[in-house]
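Before any comments, here is the structure.
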Amino acid sequence: MTSVSVCLTLILPRQFRDELFDYLGEQTDLVRGFTASDAAGHGNGVRLQSTAERIKGHADQVILWIVLPRNDAERLLDRVRASFTGTNLVYWILPVAEFGTID
């Protein structure tokens, strides 16, 4: 029986972008690839770190999506929690009905 695929979404301040990308690149046993984009964080839980962010009214963030088996997502999330404590990283996990590549 194969594990159910999920999409692990990670959002954190853009200042940690390169560190997170490097970190995920080292997790070759769990991460085969990911998609990332810049994002603008809004809401009560968002920390506006700089004067520029306070003027703009949103936090500069990066968002990543990683599709992987549920068990691997939980293992990766445990690692990320340990390595990115205090960064205000936000995450969620959603089921993936289908995943593939059209080549």
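Going by the structure tokens order, chains are called A, B, ..., each with residues numbered from 1, while ligands are numbered from 1 in the order shown.
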Test item: residues at most 6 Å from region 36-45 of chain A, only C-alpha atoms, excluding those fewer than 2 positions along its chain, as a PyMOL selection string:
chain A and resi 58-64
Got a sec: who's within 12 Å of Phe16 (chain A), counting only C-alpha atoms, leaving out chain neighbours fewer than 5 positions off, as a PyMOL selection string?
chain A and resi 10-11+21-23+38+60-63+83-89
Set the distance at 9 Å and use only C-alpha atoms: which residues neighbour Arg32 (chain A) once local chain neighbours fewer than 3 positions away are removed? I'd like the list as a PyMOL selection string.
chain A and resi 25+27-29+66-68
Taking N, CA and C atoms for each residue, export the selection above as a PDB file, in the first residue's frame.
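Saved result, part_27.pdb, follows:
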```
ATOM      1  N   GLY A  25      17.373  21.588   0.494  1.00  0.00           N
ATOM      2  CA  GLY A  25      18.268  20.912  -0.444  1.00  0.00           C
ATOM      3  C   GLY A  25      19.094  19.826   0.205  1.00  0.00           C
ATOM      4  N   GLN A  27      17.893  17.887   2.619  1.00  0.00           N
ATOM      5  CA  GLN A  27      16.961  16.840   3.079  1.00  0.00           C
ATOM      6  C   GLN A  27      16.611  15.897   1.929  1.00  0.00           C
ATOM      7  N   THR A  28      17.619  15.373   1.271  1.00  0.00           N
ATOM      8  CA  THR A  28      17.418  14.583   0.054  1.00  0.00           C
ATOM      9  C   THR A  28      16.665  13.275   0.297  1.00  0.00           C
ATOM     10  N   ASP A  29      16.624  12.802   1.528  1.00  0.00           N
ATOM     11  CA  ASP A  29      15.883  11.576   1.807  1.00  0.00           C
ATOM     12  C   ASP A  29      14.371  11.816   1.835  1.00  0.00           C
ATOM     13  N   ILE A  66       5.496  21.664  -1.080  1.00  0.00           N
ATOM     14  CA  ILE A  66       6.228  20.420  -1.276  1.00  0.00           C
ATOM     15  C   ILE A  66       5.213  19.280  -1.284  1.00  0.00           C
ATOM     16  N   VAL A  67       5.164  18.501  -2.361  1.00  0.00           N
ATOM     17  CA  VAL A  67       4.289  17.333  -2.427  1.00  0.00           C
ATOM     18  C   VAL A  67       5.129  16.107  -2.088  1.00  0.00           C
ATOM     19  N   LEU A  68       4.649  15.346  -1.107  1.00  0.00           N
ATOM     20  CA  LEU A  68       5.380  14.174  -0.644  1.00  0.00           C
ATOM     21  C   LEU A  68       4.439  13.276   0.143  1.00  0.00           C
TER      22      LEU A  68
END
```
From the DSSP assignment of the backbone, select every residue of chain A that is strand (DSSP E), and format the answer as a PyMOL selection string.
chain A and resi 5-13+35-41+59-69+90-95
Would you put the residues from that selection into a file with C-alpha atoms, as a tab-separated table (two decimals), in the first residue's frame?
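So part_29.tsv came out as:
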```
chain	number	residue	atom	x	y	z
A	5	SER	CA	0.38	12.22	-0.88
A	6	VAL	CA	0.02	15.60	0.77
A	7	CYS	CA	1.10	19.14	0.05
A	8	LEU	CA	3.14	20.68	2.84
A	9	THR	CA	2.97	24.48	2.68
A	10	LEU	CA	5.61	26.53	4.50
A	11	ILE	CA	5.51	30.32	4.89
A	12	LEU	CA	8.20	32.34	6.60
A	13	PRO	CA	9.85	35.77	6.51
A	35	THR	CA	7.96	25.22	-5.62
A	36	ALA	CA	8.47	28.64	-4.05
A	37	SER	CA	7.16	32.14	-4.53
A	38	ASP	CA	7.32	35.49	-2.84
A	39	ALA	CA	4.29	36.40	-0.75
A	40	ALA	CA	2.85	39.33	1.20
A	41	GLY	CA	1.80	38.40	4.73
A	59	ALA	CA	5.40	41.35	5.68
A	60	ASP	CA	7.71	40.19	2.91
A	61	GLN	CA	7.50	36.41	2.98
A	62	VAL	CA	8.31	33.33	0.99
A	63	ILE	CA	5.86	30.47	0.48
A	64	LEU	CA	6.86	26.92	-0.45
A	65	TRP	CA	4.84	23.92	-1.56
A	66	ILE	CA	6.23	20.42	-1.28
A	67	VAL	CA	4.29	17.33	-2.43
A	68	LEU	CA	5.38	14.17	-0.64
A	69	PRO	CA	4.00	11.17	1.23
A	90	VAL	CA	3.60	29.03	9.38
A	91	TYR	CA	2.65	25.67	7.87
A	92	TRP	CA	-0.25	23.48	6.87
A	93	ILE	CA	-0.74	20.11	5.26
A	94	LEU	CA	-3.45	19.33	2.69
A	95	PRO	CA	-4.27	16.05	0.92
```
What are the DSSP helix (DSSP H, G or I) residues of chain A, as a PyMOL selection string?
chain A and resi 14-26+51-56+70-83
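Checking A:Leu20, A:Ala82, A:Leu30, A:Val4 one by one against Glu98 (chain A), counting only C-alpha atoms, you find the shortest gap at A:Val4.
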If I take CA of Thr101 (chain A) and CA of Arg75 (chain A), how far is one from the other in Å, to one decimal?
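Taking CA of Thr101 (chain A) as the start and CA of Arg75 (chain A) as the end point, the length is 24.6 Å.
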Between CA of Val80 (chain A) and CA of Thr51 (chain A), measure the distance and give it in Å to one decimal.
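Separating CA of Val80 (chain A) from CA of Thr51 (chain A) is a distance of 28.1 Å.
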One decimal, in Å: what's the spacing between CA of Arg14 (chain A) and CA of Glu74 (chain A)?
23.2 Å
